[in-house]
file query-v4.cif (mmCIF, C-alpha atoms)
data_run
loop_
_atom_site.label_atom_id
_atom_site.label_comp_id
_atom_site.auth_asym_id
_atom_site.auth_seq_id
_atom_site.Cartn_x
_atom_site.Cartn_y
_atom_site.Cartn_z
CA MET A 1 0.00 0.00 0.00
CA LYS A 2 2.81 2.41 0.81
CA ALA A 3 4.44 1.67 -2.52
CA ALA A 4 1.21 2.36 -4.41
CA THR A 5 0.71 5.64 -2.53
CA TRP A 6 4.29 6.67 -3.29
CA MET A 7 3.84 5.90 -7.01
CA GLY A 8 0.64 7.93 -7.10
CA SER A 9 2.40 10.91 -5.53
CA LEU A 10 5.26 10.62 -8.00
CA VAL A 11 2.94 10.61 -11.02
CA SER A 12 1.06 13.62 -9.68
CA ALA A 13 4.32 15.49 -9.11
CA LEU A 14 5.52 14.72 -12.63
CA ARG A 15 2.23 16.00 -14.05
CA ARG A 16 2.49 19.26 -12.12
CA LEU A 17 6.10 19.72 -13.21
CA SER A 18 5.19 19.05 -16.85
CA ARG A 19 2.35 21.58 -16.77
CA ALA A 20 4.49 24.18 -15.02
CA ALA A 21 7.34 23.85 -17.46
CA GLY A 22 5.05 23.72 -20.45
CA GLU A 23 7.09 20.86 -21.95
CA PRO A 24 6.27 17.16 -22.16
CA ILE A 25 8.46 14.96 -19.98
CA VAL A 26 8.87 12.39 -22.74
CA PRO A 27 11.77 11.68 -25.07
CA ARG A 28 11.47 13.28 -28.51
CA GLU A 29 11.25 11.19 -31.62
CA PRO A 30 14.27 11.29 -33.94
CA ALA A 31 14.36 14.45 -36.04
CA ALA A 32 13.00 14.06 -39.56
CA PRO A 33 15.52 14.70 -42.35
CA PRO A 34 14.81 17.69 -44.59
CA ARG A 35 12.85 17.03 -47.75
CA ILE A 36 14.50 19.23 -50.37
CA GLY A 37 12.42 20.43 -53.29
CA LEU A 38 14.09 21.89 -56.38
CA ALA A 39 12.14 24.48 -58.40
CA LEU A 40 13.54 25.28 -61.86
CA GLY A 41 12.69 28.45 -63.76
CA GLY A 42 12.59 29.07 -67.49
CA GLY A 43 15.12 30.59 -69.84
CA PHE A 44 14.96 28.61 -73.11
CA ALA A 45 18.57 27.72 -74.07
CA ARG A 46 19.83 29.15 -70.79
CA GLY A 47 17.99 26.30 -69.04
CA ILE A 48 21.10 24.21 -69.75
CA ALA A 49 22.49 25.82 -66.58
CA HIS A 50 20.03 23.71 -64.57
CA ALA A 51 21.95 20.60 -65.56
CA GLY A 52 25.09 22.13 -64.05
CA VAL A 53 23.25 22.62 -60.75
CA LEU A 54 22.05 19.01 -60.78
CA GLU A 55 25.56 17.76 -61.55
CA VAL A 56 26.92 19.42 -58.39
CA PHE A 57 24.06 18.02 -56.29
CA ALA A 58 24.80 14.54 -57.62
CA ARG A 59 28.54 14.82 -56.82
CA ARG A 60 27.84 16.10 -53.31
CA GLN A 61 25.10 13.47 -52.78
CA ILE A 62 22.44 16.06 -51.95
CA PRO A 63 19.10 14.20 -51.91
CA ILE A 64 16.20 15.70 -53.86
CA HIS A 65 12.73 14.84 -52.58
CA CYS A 66 10.80 16.42 -55.48
CA ILE A 67 11.39 18.64 -58.49
CA THR A 68 9.24 21.18 -60.33
CA GLY A 69 9.73 23.26 -63.44
CA VAL A 70 8.33 25.82 -65.84
CA SER A 71 9.25 26.31 -69.48
CA ALA A 72 12.82 25.06 -70.09
CA GLY A 73 12.96 24.11 -66.42
CA SER A 74 10.10 21.65 -66.96
CA ILE A 75 12.18 19.69 -69.50
CA VAL A 76 15.14 19.40 -67.13
CA ALA A 77 12.86 18.61 -64.16
CA ALA A 78 11.05 15.82 -66.03
CA ALA A 79 14.30 14.32 -67.27
CA TYR A 80 15.81 14.26 -63.79
CA ALA A 81 12.63 12.92 -62.14
CA SER A 82 12.52 10.12 -64.71
CA GLY A 83 16.01 8.98 -63.80
CA ALA A 84 18.17 10.61 -66.48
CA PRO A 85 21.64 11.39 -65.01
CA PRO A 86 22.64 15.08 -64.92
CA ALA A 87 25.53 14.43 -67.33
CA GLU A 88 23.10 12.96 -69.87
CA ILE A 89 20.74 15.93 -69.47
CA ALA A 90 23.70 18.25 -70.00
CA ARG A 91 24.76 16.48 -73.20
CA ALA A 92 21.22 16.61 -74.59
CA GLY A 93 20.91 20.29 -73.75
CA CYS A 94 24.22 21.23 -75.35
CA ALA A 95 23.36 19.28 -78.51
CA MET A 96 19.80 20.56 -78.81
CA ARG A 97 18.80 23.10 -81.43
CA PHE A 98 15.51 24.89 -82.10
CA GLY A 99 14.63 22.45 -84.88
CA ASP A 100 14.78 19.51 -82.46
CA ILE A 101 11.74 20.73 -80.56
CA ALA A 102 9.81 22.97 -82.97
CA SER A 103 9.04 23.71 -86.58
CA TRP A 104 8.06 26.96 -88.23
CA SER A 105 4.38 27.10 -89.09
CA LEU A 106 2.92 30.56 -89.55
CA GLY A 107 -0.50 30.90 -87.94
CA ARG A 108 -2.76 33.46 -86.36
CA MET A 109 -1.67 32.50 -82.81
CA GLY A 110 2.03 31.84 -83.28
CA PHE A 111 4.91 31.27 -85.63
CA ALA A 112 5.94 27.77 -84.52
CA VAL A 113 4.48 24.49 -83.28
CA SER A 114 6.10 22.15 -80.77
CA GLU A 115 4.96 18.67 -81.81
CA ARG A 116 8.61 17.71 -82.46
CA MET A 117 9.29 18.12 -78.74
CA LYS A 118 7.62 14.78 -78.02
CA ARG A 119 10.26 12.89 -80.03
CA PHE A 120 13.03 14.81 -78.26
CA LEU A 121 11.51 13.98 -74.85
CA GLU A 122 11.07 10.31 -75.76
CA ARG A 123 14.82 10.09 -76.32
CA LEU A 124 15.75 11.97 -73.15
CA LEU A 125 13.24 10.80 -70.53
CA LYS A 126 13.31 7.33 -68.95
CA SER A 127 9.61 7.42 -68.02
CA TYR A 128 6.75 9.27 -69.65
CA ARG A 129 4.06 9.48 -66.96
CA PHE A 130 3.95 11.42 -63.69
CA GLU A 131 3.09 8.33 -61.63
CA GLU A 132 6.14 6.48 -63.02
CA MET A 133 8.70 9.10 -62.02
CA ARG A 134 11.38 8.18 -59.49
CA ILE A 135 10.65 11.30 -57.44
CA PRO A 136 7.55 13.55 -57.46
CA LEU A 137 7.42 15.87 -60.47
CA GLY A 138 5.39 19.05 -60.96
CA VAL A 139 4.97 21.16 -64.10
CA ILE A 140 3.18 24.52 -64.41
CA ALA A 141 1.51 26.00 -67.48
CA THR A 142 -0.66 29.12 -67.71
CA ASP A 143 -4.31 29.36 -68.72
CA LEU A 144 -4.18 32.04 -71.41
CA CYS A 145 -7.77 33.20 -70.83
CA SER A 146 -7.89 33.31 -67.01
CA GLY A 147 -4.20 33.94 -66.37
CA GLU A 148 -4.23 31.23 -63.68
CA GLU A 149 -1.56 28.63 -63.00
CA VAL A 150 -2.36 25.14 -64.23
CA HIS A 151 -0.60 22.45 -62.21
CA PHE A 152 0.28 19.04 -63.62
CA ARG A 153 1.40 16.36 -61.15
CA ASP A 154 0.72 12.89 -59.75
CA ALA A 155 -0.71 11.16 -62.85
CA GLY A 156 -0.94 11.42 -66.61
CA ASP A 157 1.51 11.72 -69.47
CA VAL A 158 4.14 14.43 -69.25
CA PHE A 159 4.43 15.36 -72.93
CA LEU A 160 1.51 17.77 -73.22
CA PRO A 161 2.21 19.54 -69.89
CA ILE A 162 5.83 20.17 -70.91
CA ARG A 163 4.84 21.40 -74.38
CA ALA A 164 2.30 23.73 -72.77
CA SER A 165 4.78 25.00 -70.18
CA CYS A 166 7.24 25.80 -72.98
CA ALA A 167 4.68 27.51 -75.25
CA TYR A 168 6.33 30.92 -75.28
CA PRO A 169 3.66 33.52 -76.25
CA GLY A 170 4.12 35.07 -79.66
CA LEU A 171 6.53 32.36 -80.76
CA PHE A 172 4.76 29.05 -80.10
CA ARG A 173 1.08 28.46 -80.65
CA PRO A 174 -0.85 27.81 -77.42
CA VAL A 175 -1.52 24.18 -76.53
CA ARG A 176 -5.16 23.11 -76.24
CA HIS A 177 -6.08 20.95 -73.26
CA GLU A 178 -9.53 20.20 -71.83
CA GLY A 179 -11.08 23.31 -73.34
CA ARG A 180 -8.24 25.58 -72.26
CA LEU A 181 -5.53 27.37 -74.18
CA LEU A 182 -2.25 26.87 -72.32
CA VAL A 183 0.95 28.89 -72.65
CA ASP A 184 4.31 29.25 -70.91
CA GLY A 185 4.12 28.52 -67.18
CA ALA A 186 6.40 31.44 -66.39
CA MET A 187 3.61 33.82 -67.40
CA SER A 188 1.78 33.00 -64.14
CA MET A 189 4.67 31.83 -61.92
CA GLU A 190 8.29 32.36 -62.87
CA ILE A 191 9.63 29.77 -60.42
CA PRO A 192 7.35 26.92 -59.22
CA ALA A 193 8.46 27.04 -55.58
CA ARG A 194 4.95 26.80 -54.12
CA LEU A 195 4.25 23.66 -56.14
CA ALA A 196 7.36 22.06 -54.63
CA ARG A 197 5.90 22.69 -51.17
CA LYS A 198 2.66 21.05 -52.26
CA LEU A 199 4.67 18.00 -53.31
CA GLY A 200 6.01 17.67 -49.77
CA ALA A 201 9.22 19.73 -49.69
CA THR A 202 10.22 21.20 -46.32
CA HIS A 203 13.10 23.16 -47.88
CA VAL A 204 12.72 24.69 -51.35
CA ILE A 205 15.67 25.63 -53.52
CA SER A 206 14.70 27.86 -56.44
CA VAL A 207 16.98 28.11 -59.45
CA HIS A 208 16.51 31.47 -61.16
CA LEU A 209 18.13 32.32 -64.48
CA PRO A 210 18.45 36.12 -64.34
CA VAL A 211 18.37 38.32 -67.41
CA ALA A 212 20.43 41.39 -68.14
CA GLY A 213 19.26 44.78 -66.95
CA PRO A 214 18.17 47.50 -69.38
CA VAL A 215 18.73 46.31 -72.94
CA PRO A 216 19.12 48.09 -76.28
CA SER A 217 15.99 48.96 -78.18
CA PRO A 218 14.40 45.78 -79.66
CA SER A 219 14.74 45.37 -83.41
CA ASN A 220 12.13 42.66 -84.12
CA VAL A 221 8.88 41.24 -82.77
CA PHE A 222 10.58 38.39 -80.88
CA GLN A 223 12.80 40.82 -79.00
CA VAL A 224 9.75 42.94 -78.18
CA VAL A 225 7.86 39.96 -76.74
CA ASN A 226 10.93 38.70 -74.90
CA ARG A 227 11.55 42.06 -73.27
CA CYS A 228 7.89 42.36 -72.22
CA PHE A 229 8.18 38.91 -70.66
CA GLN A 230 11.26 39.97 -68.70
CA ILE A 231 9.56 43.08 -67.36
CA VAL A 232 6.49 41.15 -66.21
CA GLU A 233 8.61 38.52 -64.46
CA SER A 234 10.73 41.09 -62.66
CA ARG A 235 7.60 42.68 -61.19
CA ALA A 236 6.33 39.35 -59.81
CA GLU A 237 9.43 37.99 -58.07
CA ASP A 238 8.16 38.44 -54.51
CA ALA A 239 5.63 35.61 -54.81
CA TRP A 240 8.09 32.82 -55.54
CA ARG A 241 10.90 34.24 -53.41
CA LYS A 242 8.65 34.09 -50.33
CA GLU A 243 8.16 30.37 -50.94
CA SER A 244 11.91 29.73 -51.33
CA ASP A 245 14.38 28.87 -48.58
CA LEU A 246 17.35 29.34 -50.91
CA VAL A 247 17.73 30.93 -54.36
CA ILE A 248 20.49 29.84 -56.73
CA GLU A 249 21.19 32.28 -59.57
CA PRO A 250 23.70 31.13 -62.20
CA ASP A 251 25.34 34.07 -63.92
CA VAL A 252 23.84 33.70 -67.41
CA ARG A 253 23.07 37.37 -68.03
CA GLY A 254 25.35 37.65 -71.02
CA ILE A 255 23.83 34.70 -72.91
CA ALA A 256 20.92 35.09 -75.33
CA TRP A 257 17.69 33.14 -74.99
CA ASP A 258 18.63 31.03 -78.03
CA GLY A 259 22.31 30.60 -77.14
CA PHE A 260 22.47 26.81 -77.46
CA ASN A 261 26.04 27.14 -78.71
CA CYS A 262 27.01 28.41 -75.25
CA GLY A 263 26.22 25.08 -73.58
CA PRO A 264 29.58 24.54 -71.82
CA GLU A 265 29.54 28.10 -70.49
CA LEU A 266 25.99 27.64 -69.19
CA LEU A 267 26.91 24.39 -67.45
CA LYS A 268 29.86 26.04 -65.72
CA ALA A 269 27.64 28.90 -64.56
CA GLY A 270 25.18 26.43 -63.05
CA GLU A 271 27.96 24.48 -61.33
CA ALA A 272 29.57 27.61 -59.86
CA ALA A 273 26.28 28.90 -58.44
CA ALA A 274 25.41 25.49 -56.97
CA LEU A 275 28.83 25.08 -55.35
CA ALA A 276 28.39 28.44 -53.62
CA ALA A 277 25.10 27.20 -52.16
CA VAL A 278 26.36 23.79 -51.00
CA PRO A 279 27.49 24.86 -47.46
CA LYS A 280 24.01 26.10 -46.57
CA ILE A 281 22.33 22.99 -47.98
CA GLU A 282 24.71 20.68 -46.14
CA ALA A 283 23.97 22.60 -42.94
CA TRP A 284 20.29 21.72 -43.41
CA LEU A 285 21.19 18.07 -43.79
CA ALA A 286 23.42 18.15 -40.70
CA ARG A 287 20.73 19.74 -38.52
CA PRO A 288 17.36 18.21 -39.40
CA ARG A 289 14.25 19.96 -38.15
CA PRO A 290 12.93 18.46 -34.86
CA VAL A 291 9.61 16.67 -35.00
CA ALA A 292 7.15 18.01 -32.44
CA VAL A 293 5.76 15.28 -30.17
CA PRO A 294 2.48 16.14 -28.40
CA ALA A 295 2.56 15.82 -24.62
CA PRO A 296 0.62 12.81 -23.32
CA VAL A 297 -2.23 13.41 -20.91
CA LEU A 298 -1.29 11.62 -17.69
CA PRO A 299 -4.26 10.00 -15.93
CA GLU A 300 -5.45 11.25 -12.58
CA THR A 301 -4.81 8.82 -9.71
CA THR A 302 -6.80 7.70 -6.73
CA PRO A 303 -5.32 8.06 -3.23
CA ALA A 304 -4.29 4.42 -3.48
CA GLY A 305 -2.25 5.17 -6.56
CA ALA A 306 -4.44 3.34 -9.09
CA PRO A 307 -5.44 5.25 -12.25
CA ARG A 308 -8.90 6.76 -11.82
CA ALA A 309 -9.95 5.55 -15.27
CA ALA A 310 -9.37 1.99 -14.06
CA ALA A 311 -11.11 2.56 -10.72
CA GLU A 312 -14.31 3.88 -12.30
CA SER A 313 -16.62 1.84 -14.47
CA PRO A 314 -17.79 3.12 -17.88
CA ALA A 315 -21.23 3.62 -16.42
CA THR A 316 -20.03 6.01 -13.75
CA ALA A 317 -17.23 7.76 -15.71
#

call {"tool": "encode", "arguments": {"input": "query-v4.cif", "output": "structure tokens"}}
result
Amino acid sequence: MKAATWMGSLVSALRRLSRAAGEPIVPREPAAPPRIGLALGGGFARGIAHAGVLEVFARRQIPIHCITGVSAGSIVAAAYASGAPPAEIARAGCAMRFGDIASWSLGRMGFAVSERMKRFLERLLKSYRFEEMRIPLGVIATDLCSGEEVHFRDAGDVFLPIRASCAYPGLFRPVRHEGRLLVDGAMSMEIPARLARKLGATHVISVHLPVAGPVPSPSNVFQVVNRCFQIVESRAEDAWRKESDLVIEPDVRGIAWDGFNCGPELLKAGEAAALAAVPKIEAWLARPRPVAVPAPVLPETTPAGAPRAAAESPATA
């Protein structure tokens, strides 16, 4: 009887101490490792720099939980999610030319069509459906009429979403899908950081391919559209930066949107920017975020030390 009374007093004292301190007197579960999400922006040929970033992550064994992309970033994201090695993505990017993904076809809504892109993607990707990817993949396009983001993820074939996300207004014709006209994803969200969070990332790394500052006066319609695009994107940076824990910006300002011949230079720019970011990323991996464990509710005890819930019957509780 004395032992039972002593145990009851001890449990009551522990409960009072726990409530006073405001902390549960229980061991914490092991900390969960960070889930890193990589969000890749657009840039047409300059998207080759993304492969340089991925190459550094592979060498430093930085795990990627999920990957998202818009425009050129959607091609690289899909290739990586499907299991293509960064070096293979880099080779494909450096060898690619405009004719590999598009053909000129003058129309009322654009000067080129992107049906050829499917054949290019079939050679590059290891899987062709979202549900078959090795890690979660997200692609964003833009509804031309509403201006809203259109998210593609989880299931379905990746070819149409990528074509839509790359449908640069004024150059490519919009892509029709389920009664919508879809264009470049960067029109609604330059970097798909928020989508990476929706795919489960706890830490989002956004890769932004910056453009040069003020430029000379445009001399053709493509330069006019391109410059308008740049201005719109620069005004909307706050949205994706708020969703990002880290922003990597390869120095590609001096390379034109169609500078496929600058592949090696673009890869080096991506590698240099990623290497500069590695210490911060490795610090995340060394100090995982703690997992909160709710405090248990300790049962009240009777004077004899037996839990009250056991002393009372369901009828009288």

call {"tool": "resolve_selection", "arguments": {"input": "query-v4.cif", "expression": "the PyMOL selection byres ((chain A and resi 91-95) around 8)", "output": "ChimeraX atom specification"}}
result
/A:45,48,87-90,96-97,124,260-264

call {"tool": "residues_near_point", "arguments": {"input": "query-v4.cif", "point": "(13.8, 21.0, -55.1)", "cutoff": "6 Å", "atoms": "only C-alpha atoms", "output": "short mmCIF file (atom, residue, chain, number, x, y, z; two decimals) with C-alpha atoms, keeping the file's coordinate frame"}}
result
data_model
loop_
_atom_site.label_atom_id
_atom_site.label_comp_id
_atom_site.auth_asym_id
_atom_site.auth_seq_id
_atom_site.Cartn_x
_atom_site.Cartn_y
_atom_site.Cartn_z
CA ILE A 36 14.50 19.23 -50.37
CA GLY A 37 12.42 20.43 -53.29
CA LEU A 38 14.09 21.89 -56.38
CA ALA A 39 12.14 24.48 -58.40
CA ILE A 64 16.20 15.70 -53.86
CA CYS A 66 10.80 16.42 -55.48
CA ILE A 67 11.39 18.64 -58.49
CA VAL A 204 12.72 24.69 -51.35
CA ILE A 205 15.67 25.63 -53.52
#

call {"tool": "closest_residue", "arguments": {"input": "query-v4.cif", "among": "A:Ser206, A:Glu149, A:Pro85, A:Pro33", "to": "Lys126 (chain A)", "atoms": "all atoms listed in the file"}}
result
A:Pro85

call {"tool": "atom_distance", "arguments": {"input": "query-v4.cif", "atom1": "CA of Ala277 (chain A)", "atom2": "CA of Ala49 (chain A)"}}
result
14.7 Å

call {"tool": "atom_distance", "arguments": {"input": "query-v4.cif", "atom1": "CA of Val247 (chain A)", "atom2": "CA of Ala79 (chain A)"}}
result
21.3 Å

call {"tool": "closest_residue", "arguments": {"input": "query-v4.cif", "among": "A:Ala239, A:Leu106, A:Leu181, A:Val278", "to": "Ala164 (chain A)", "atoms": "all atoms listed in the file"}}
result
A:Leu181

call {"tool": "residues_around", "arguments": {"input": "query-v4.cif", "residues": "region 132-143 of chain A", "least_positions_apart": "5", "cutoff": "6 Å", "atoms": "all atoms listed in the file", "output": "list in words"}}
result
Cys66, Ile67, Thr68, Gly69, Val70, Ser74, Ala81, Ser82, Glu148, Glu149, Val150, His151, Phe152, Arg153, Ala164, Ser165, Leu181, Leu182, Val183, Asp184, Gly185 and Ser188 of chain A

call {"tool": "atom_distance", "arguments": {"input": "query-v4.cif", "atom1": "CA of Arg197 (chain A)", "atom2": "CA of Ile162 (chain A)"}}
result
19.9 Å

call {"tool": "resolve_selection", "arguments": {"input": "query-v4.cif", "expression": "the PyMOL selection byres ((chain A and resi 117) around 12)", "output": "ChimeraX atom specification"}}
result
/A:72,75,96-103,112-116,118-125,158-167,172

call {"tool": "write_last_selection", "arguments": {"input": "query-v4.cif", "atoms": "C-alpha atoms", "output": "CSV table (one decimal), in the frame of the given file"}}
result
chain,number,residue,atom,x,y,z
A,72,ALA,CA,12.8,25.1,-70.1
A,75,ILE,CA,12.2,19.7,-69.5
A,96,MET,CA,19.8,20.6,-78.8
A,97,ARG,CA,18.8,23.1,-81.4
A,98,PHE,CA,15.5,24.9,-82.1
A,99,GLY,CA,14.6,22.4,-84.9
A,100,ASP,CA,14.8,19.5,-82.5
A,101,ILE,CA,11.7,20.7,-80.6
A,102,ALA,CA,9.8,23.0,-83.0
A,103,SER,CA,9.0,23.7,-86.6
A,112,ALA,CA,5.9,27.8,-84.5
A,113,VAL,CA,4.5,24.5,-83.3
A,114,SER,CA,6.1,22.2,-80.8
A,115,GLU,CA,5.0,18.7,-81.8
A,116,ARG,CA,8.6,17.7,-82.5
A,118,LYS,CA,7.6,14.8,-78.0
A,119,ARG,CA,10.3,12.9,-80.0
A,120,PHE,CA,13.0,14.8,-78.3
A,121,LEU,CA,11.5,14.0,-74.8
A,122,GLU,CA,11.1,10.3,-75.8
A,123,ARG,CA,14.8,10.1,-76.3
A,124,LEU,CA,15.8,12.0,-73.2
A,125,LEU,CA,13.2,10.8,-70.5
A,158,VAL,CA,4.1,14.4,-69.2
A,159,PHE,CA,4.4,15.4,-72.9
A,160,LEU,CA,1.5,17.8,-73.2
A,161,PRO,CA,2.2,19.5,-69.9
A,162,ILE,CA,5.8,20.2,-70.9
A,163,ARG,CA,4.8,21.4,-74.4
A,164,ALA,CA,2.3,23.7,-72.8
A,165,SER,CA,4.8,25.0,-70.2
A,166,CYS,CA,7.2,25.8,-73.0
A,167,ALA,CA,4.7,27.5,-75.2
A,172,PHE,CA,4.8,29.0,-80.1

call {"tool": "resolve_selection", "arguments": {"input": "query-v4.cif", "expression": "the PyMOL selection byres ((chain A and resi 58) around 12)", "output": "PyMOL selection string"}}
result
chain A and resi 51-57+59-64+80+84-87+271+274-275+278

call {"tool": "axis_aligned_box", "arguments": {"input": "query-v4.cif", "around": "region 165-180 of chain A", "padding_each_side": "8 Å", "output": "lines of an AutoDock Vina configuration file"}}
result
center_x = -1.9
center_y = 27.6
center_z = -75.5
size_x = 34.3
size_y = 30.9
size_z = 26.6

call {"tool": "decode", "arguments": {"input": "query-v4.cif", "residues": "region 42-109 of chain A", "atoms": "C-alpha atoms", "output": "compact mmCIF listing (two decimals), in the first residue's frame"}}
result
# COMPACT_ATOMS: atom_id res chain seq x y z
CA GLY A 42 12.59 29.07 -67.49
CA GLY A 43 15.12 30.59 -69.84
CA PHE A 44 14.96 28.61 -73.11
CA ALA A 45 18.57 27.72 -74.07
CA ARG A 46 19.83 29.15 -70.79
CA GLY A 47 17.99 26.30 -69.04
CA ILE A 48 21.10 24.21 -69.75
CA ALA A 49 22.49 25.82 -66.58
CA HIS A 50 20.03 23.71 -64.57
CA ALA A 51 21.95 20.60 -65.56
CA GLY A 52 25.09 22.13 -64.05
CA VAL A 53 23.25 22.62 -60.75
CA LEU A 54 22.05 19.01 -60.78
CA GLU A 55 25.56 17.76 -61.55
CA VAL A 56 26.92 19.42 -58.39
CA PHE A 57 24.06 18.02 -56.29
CA ALA A 58 24.80 14.54 -57.62
CA ARG A 59 28.54 14.82 -56.82
CA ARG A 60 27.84 16.10 -53.31
CA GLN A 61 25.10 13.47 -52.78
CA ILE A 62 22.44 16.06 -51.95
CA PRO A 63 19.10 14.20 -51.91
CA ILE A 64 16.20 15.70 -53.86
CA HIS A 65 12.73 14.84 -52.58
CA CYS A 66 10.80 16.42 -55.48
CA ILE A 67 11.39 18.64 -58.49
CA THR A 68 9.24 21.18 -60.33
CA GLY A 69 9.73 23.26 -63.44
CA VAL A 70 8.33 25.82 -65.84
CA SER A 71 9.25 26.31 -69.48
CA ALA A 72 12.82 25.06 -70.09
CA GLY A 73 12.96 24.11 -66.42
CA SER A 74 10.10 21.65 -66.96
CA ILE A 75 12.18 19.69 -69.50
CA VAL A 76 15.14 19.40 -67.13
CA ALA A 77 12.86 18.61 -64.16
CA ALA A 78 11.05 15.82 -66.03
CA ALA A 79 14.30 14.32 -67.27
CA TYR A 80 15.81 14.26 -63.79
CA ALA A 81 12.63 12.92 -62.14
CA SER A 82 12.52 10.12 -64.71
CA GLY A 83 16.01 8.98 -63.80
CA ALA A 84 18.17 10.61 -66.48
CA PRO A 85 21.64 11.39 -65.01
CA PRO A 86 22.64 15.08 -64.92
CA ALA A 87 25.53 14.43 -67.33
CA GLU A 88 23.10 12.96 -69.87
CA ILE A 89 20.74 15.93 -69.47
CA ALA A 90 23.70 18.25 -70.00
CA ARG A 91 24.76 16.48 -73.20
CA ALA A 92 21.22 16.61 -74.59
CA GLY A 93 20.91 20.29 -73.75
CA CYS A 94 24.22 21.23 -75.35
CA ALA A 95 23.36 19.28 -78.51
CA MET A 96 19.80 20.56 -78.81
CA ARG A 97 18.80 23.10 -81.43
CA PHE A 98 15.51 24.89 -82.10
CA GLY A 99 14.63 22.45 -84.88
CA ASP A 100 14.78 19.51 -82.46
CA ILE A 101 11.74 20.73 -80.56
CA ALA A 102 9.81 22.97 -82.97
CA SER A 103 9.04 23.71 -86.58
CA TRP A 104 8.06 26.96 -88.23
CA SER A 105 4.38 27.10 -89.09
CA LEU A 106 2.92 30.56 -89.55
CA GLY A 107 -0.50 30.90 -87.94
CA ARG A 108 -2.76 33.46 -86.36
CA MET A 109 -1.67 32.50 -82.81
